[in-house]
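Contents: one structure, followed by commentary.
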Amino acid sequence: MKDFEALKVIWHNQITLPKVSHEDVFKKIRKAKNGLSRRLLIEIIGMCIATIAILSIWWIIPFTMWTTHLAIIIFLACCLYYIIAMIGNYQQINYDKLINKPEDYINYLKAYKEKRYVLNTRKYRLYSIFLSLGFLLYFVEMSFLMPQWLTILALVLTFSWIAYSSFVLMRIYIKREESKLEGMIHNLERIQKQFEDNDL
């Protein structure tokens with residue numbers, strides 16, 4: 001019985017994946033890459049619009065307290081940091097020079113995936129902390145201009161949204177992005193394996 005189980009294990013390990021067409025794999029990789037880069041581009045455009053909106057509010061509304069001006073500076077710094085980070089990520093995901101070298105491109109994508117994970121976790125937490133600080137400072141002046149109940153409601157809604165974004169939406173975002181990158185890496189690894197098998 002033990003010999004039979006050992007044979008089953010060996011047989012399962014001998015099963016190879018069906019050969020795939022290089023063109024089909026490259027199409028899948030390009031499709032995933034284009035999807036990721038399109039989403040990054042939308043985020044960059046969205047953050048540019050938010051930056052213009054914040055600058056317009058700062059220009060139009062005559063805020064009187066230093067806390068509000070500091071809050072707006074923090075908001076703008078967060079927006080600029082995000083824009084710069086996303087532009088860098090956008091350029092990296094669109095780097096095509098290694099696509100015909102599966103092993104090099106696999107290593108490149110793994111490094112990119114790790115960098116994105118750090119950005120979407122540790123750096124995003126720091127970003128959220130600064131954003132929260134900006135809102136706290138902003139609501140100091142708002143508390144003098146709005147009824148107390150409205151200020152409290154605005155604070156609760158704002159920080160609920162930040163918490164929801166950080167703990168729910170960001171996890172979904174990370175999972176989807178990692179799934180796409182893993183798919184690209186897996187497809188390249190299959191091509192690399194075929195190259196190795198052909199060399200034998």
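Quick note on naming: the chains in the structure tokens go A, B, ... in the order shown, residues restart at 1 in each chain, and ligands are numbered from 1 in order of appearance.
Residues in contact with region 68-85 of chain A at 6 Å, where only C-alpha atoms are counted and same-chain residues fewer than 6 positions away are skipped, are listed as Ile44, Gly134, Leu137 and Tyr138 of chain A.
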Problem set entry | alpha helix (DSSP H) residues, from DSSP on the backbone, in region 29-153 of chain A, as a PyMOL selection string | chain A and resi 29-60+66-93+102-118+124-145+148-153
Problem set entry | Given only C-alpha atoms as the counted atoms, nearest of A:Tyr90, A:Leu155, A:Thr51, A:Lys113 to Arg39 (chain A) | A:Tyr90
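When the distance limit is 9 Å and only C-alpha atoms are what count, the residues near Glu178 (chain A), minus those fewer than 5 positions from it on the same chain, are Lys113, Arg116, Tyr117, Tyr173 and Gly183 of chain A.
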Seminar exercise, completed: Min atom-atom distance to Leu145 (chain A) from the set A:Tyr124, A:Phe63, A:Trp58, A:Phe26, counting only C-alpha atoms, belongs to A:Phe63
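CA of Leu41 (chain A) is positioned 29.7 Å from CA of Leu136 (chain A).
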Problem set entry | Neighbour list for Gly35 (chain A) as a list in words, cut-off 12 Å, only C-alpha atoms, skip fewer than 5 positions in-chain |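 Within the cut-off, the hits are Lys28, Ile29, Arg30, Leu40, Leu41, Ile42, Tyr90, Ile93, Asn94, Arg176, Glu177, Lys180, Leu181 and Met184 of chain A.
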Exercise. Of the candidates A:Pro102, A:Glu182, A:Thr158, A:Ser166, which shows the shortest atom-to-atom distance to Glu114 (chain A), using only C-alpha atoms?
Worked result: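 The closest residue to Glu114 (chain A) is A:Glu182.
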Exercise. Interatomic distance between CA of Ile49 (chain A) and CA of Leu109 (chain A)?
Worked result: 29.7 Å
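Remark: for Ser165 (chain A), the closest of the candidate residues A:Ser128, A:Ala111, A:Phe139, A:Arg190 is A:Ser128 (distances computed over only C-alpha atoms).
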For this session: Find the distance between CA of Met170 (chain A) and CA of Asn120 (chain A) and write it in Å to one decimal.
Result: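 Those two atoms sit 7.4 Å apart.
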